[in-house]
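Everything on this sheet refers to the single structure shown next.
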Amino acid sequence: MKLDGYRGPSFINDVSHPVTFIAFLIVIILGGWVTVCAWF
Amino acid sequence: MIQRTECAPQLPATSFSFSILIDSPMRRDLPFSPVSAMILPIASTEIEFASMIVAGLDVLMTFLFKRSLAHPPNINRPTPDHYPITLTLPQLTQLMQAAIYGQIPVQSPAQFVPGQGFGPVGTDEPLFPDNLSVSLVVAAPFAPFDGSPDTSFNVPLFEIPGVPGNLIIALGVIIAQFYIERSGTAITNGNGGNGIATF
């Protein structure tokens with residue numbers, strides 16, 4: 001069944017934006033520290 | 001004599017958690033849409049002033065965007081149907097002549113698609129054009145008691161428009177509930193009781 005206007009799933013990368021990448025690095029550092037504190 | 005420092009209350013340590021957020025639909029050009037989310041917690045620890053970390057992140061990101069150091073991602077992304085069309089004068093003349101002779105193509109009414117319903121205002125939404133986005137979340141409440149206001153900071157990782165996100169999240173939640181119920185981790189103290197917490 002072909003849907004009108006449906007072109008299938010696509011992938012949008014949001015981390016590639018510079019500010020989002022800065023936030024991603026900060027959150028990864030915080031999350032890594034929390035993970036190390038919680039698991040080890 | 002009682003020293004003032006002895007009476008000072010200890011700073012409450014709140015839980016600072018790190019999770020993966022899978023939600024649908026997020027950042028779709030829909031005026032109203034129900035949103036469902038699944039949170040996969042990774043780790044949490046107890047630190048003081050955890051909510052201030054989230055506040056600091058908010059302030060930093062707002063500073064970066066508001067000071068025009070960067071444009072927000074996907075700002076003003078209109079759908080192709082909403083693009084304004086600018087005609088030149090010859091094109092406008094040609095359009096008017098075509099209108100005089102009745103040659104303007106009229107948009108045909110919505111065609112019936114098998115398997116797709118037809119509502120009072122047009123065809124139903126197809127099943128698949130939902131959205132599924134994955135984010136990283138750090139969250140921290142303001143105080144350690146139950147019912148405290150909570151705050152979180154999300155970093156979008158990626159999104160996949162065109163997949164049935166609500167159905168995927170519903171299926172994931174059902175599978176997670178099934179495994180938790182079958183593994184017995186939802187039972188308090190692991191004593192096989194009736195699930196009522198005992199303090």
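Identifiers in the structure tokens: chain A, B, ... in order shown; residue index from 1 per chain; ligand index from 1 in order shown.
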Show me a table, sorted first by chain and then by increasing residue number, of the residues of chain B having an atom at most 6 Å from chain A, each with its shortest atom pair and the distance in Å to one decimal, counting only C-alpha atoms and written as CSV.
```
residue,atom,partner,partner_atom,distance
B:Phe18,CA,A:Gly31,CA,5.4
B:Ala43,CA,A:Thr35,CA,5.1
B:Thr45,CA,A:Ala38,CA,5.8
B:Pro156,CA,A:Asp14,CA,6.0
B:Leu157,CA,A:Val15,CA,5.2
B:Phe158,CA,A:Asn13,CA,4.6
B:Glu159,CA,A:Ile12,CA,5.3
B:Ile160,CA,A:Phe11,CA,4.8
B:Pro161,CA,A:Pro9,CA,5.6
B:Gly162,CA,A:Pro9,CA,4.1
B:Val163,CA,A:Pro9,CA,5.6
```
Can you write just those residues out, N, CA and C atoms, as a PDB file, in the first residue's frame?
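Saved to out_28.pdb:
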```
ATOM      1  N   PHE B  18      21.282  10.480  35.201  1.00  0.00           N
ATOM      2  CA  PHE B  18      21.703  10.538  33.803  1.00  0.00           C
ATOM      3  C   PHE B  18      20.925   9.467  33.055  1.00  0.00           C
ATOM      4  N   ALA B  43      22.415   6.021  35.294  1.00  0.00           N
ATOM      5  CA  ALA B  43      23.075   6.091  36.602  1.00  0.00           C
ATOM      6  C   ALA B  43      22.544   7.290  37.351  1.00  0.00           C
ATOM      7  N   THR B  45      23.501   9.600  41.204  1.00  0.00           N
ATOM      8  CA  THR B  45      24.317   9.735  42.393  1.00  0.00           C
ATOM      9  C   THR B  45      23.743  10.843  43.256  1.00  0.00           C
ATOM     10  N   PRO B 156      19.401  16.819  22.349  1.00  0.00           N
ATOM     11  CA  PRO B 156      18.935  15.940  21.286  1.00  0.00           C
ATOM     12  C   PRO B 156      20.104  15.293  20.559  1.00  0.00           C
ATOM     13  N   LEU B 157      20.034  14.010  20.390  1.00  0.00           N
ATOM     14  CA  LEU B 157      21.087  13.289  19.675  1.00  0.00           C
ATOM     15  C   LEU B 157      20.731  13.143  18.200  1.00  0.00           C
ATOM     16  N   PHE B 158      19.611  12.515  17.956  1.00  0.00           N
ATOM     17  CA  PHE B 158      19.168  12.353  16.575  1.00  0.00           C
ATOM     18  C   PHE B 158      17.674  12.124  16.584  1.00  0.00           C
ATOM     19  N   GLU B 159      17.068  12.265  15.413  1.00  0.00           N
ATOM     20  CA  GLU B 159      15.654  11.979  15.273  1.00  0.00           C
ATOM     21  C   GLU B 159      15.413  11.274  13.951  1.00  0.00           C
ATOM     22  N   ILE B 160      14.382  10.484  13.943  1.00  0.00           N
ATOM     23  CA  ILE B 160      14.060   9.687  12.763  1.00  0.00           C
ATOM     24  C   ILE B 160      12.609   9.982  12.397  1.00  0.00           C
ATOM     25  N   PRO B 161      12.358  10.984  11.579  1.00  0.00           N
ATOM     26  CA  PRO B 161      10.988  11.193  11.126  1.00  0.00           C
ATOM     27  C   PRO B 161      10.579  10.133  10.120  1.00  0.00           C
ATOM     28  N   GLY B 162       9.331   9.779  10.183  1.00  0.00           N
ATOM     29  CA  GLY B 162       8.830   8.792   9.242  1.00  0.00           C
ATOM     30  C   GLY B 162       8.681   7.405   9.816  1.00  0.00           C
ATOM     31  N   VAL B 163       8.939   7.266  11.109  1.00  0.00           N
ATOM     32  CA  VAL B 163       8.749   5.951  11.728  1.00  0.00           C
ATOM     33  C   VAL B 163       7.596   6.064  12.728  1.00  0.00           C
TER      34      VAL B 163
END
```
Could you give me, as a short mmCIF file (atom, residue, chain, number, x, y, z; two decimals) with C-alpha atoms, in the first residue's frame, the residues within 12 Å of B:Ser36, counting only C-alpha atoms and dropping anything in the same chain fewer than 2 positions from it?
```cif
data_model
loop_
_atom_site.label_atom_id
_atom_site.label_comp_id
_atom_site.auth_asym_id
_atom_site.auth_seq_id
_atom_site.Cartn_x
_atom_site.Cartn_y
_atom_site.Cartn_z
CA LEU B 21 15.10 9.80 26.61
CA ILE B 22 13.26 8.30 23.65
CA ASP B 23 10.20 10.31 22.75
CA SER B 24 7.79 10.77 19.93
CA PRO B 25 6.93 13.06 18.27
CA MET B 26 9.35 15.79 19.13
CA SER B 33 0.13 16.00 18.92
CA PRO B 34 0.22 13.61 21.83
CA MET B 38 10.41 6.28 27.42
CA ILE B 39 13.21 7.06 29.86
CA ASP B 130 5.49 10.09 13.18
CA ASN B 131 8.77 11.06 14.65
CA LEU B 132 11.15 9.33 17.00
CA SER B 133 13.89 11.26 18.72
CA PRO B 164 5.79 5.05 13.96
CA GLY B 165 7.40 6.44 17.09
CA ASN B 166 4.40 6.15 19.36
CA LEU B 167 3.96 2.50 18.47
CA ILE B 168 7.67 1.77 18.96
CA ILE B 169 7.63 3.42 22.38
CA ALA B 170 4.45 1.59 23.35
CA LEU B 171 6.02 -1.72 22.31
CA GLY B 172 9.22 -0.91 24.20
CA VAL B 173 7.29 -0.01 27.34
#
```
Atom CA of A:Phe40 and atom CA of B:Val155, how far apart in Å?
25.3 Å
As an MDAnalysis selection string, please: all residues of chain A that backbone DSSP puts in alpha helix (DSSP H).
chainID A and resid 18:39
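Coordinates place atom CA of B:Ser19 at a distance of 17.9 Å from atom CA of B:Ile180.
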Just to confirm, what's the straight-line distance from atom CA of B:Ser148 to atom CA of B:Thr62 in Å (one decimal)?
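Straight-line distance from atom CA of B:Ser148 to atom CA of B:Thr62 works out to 24.8 Å.
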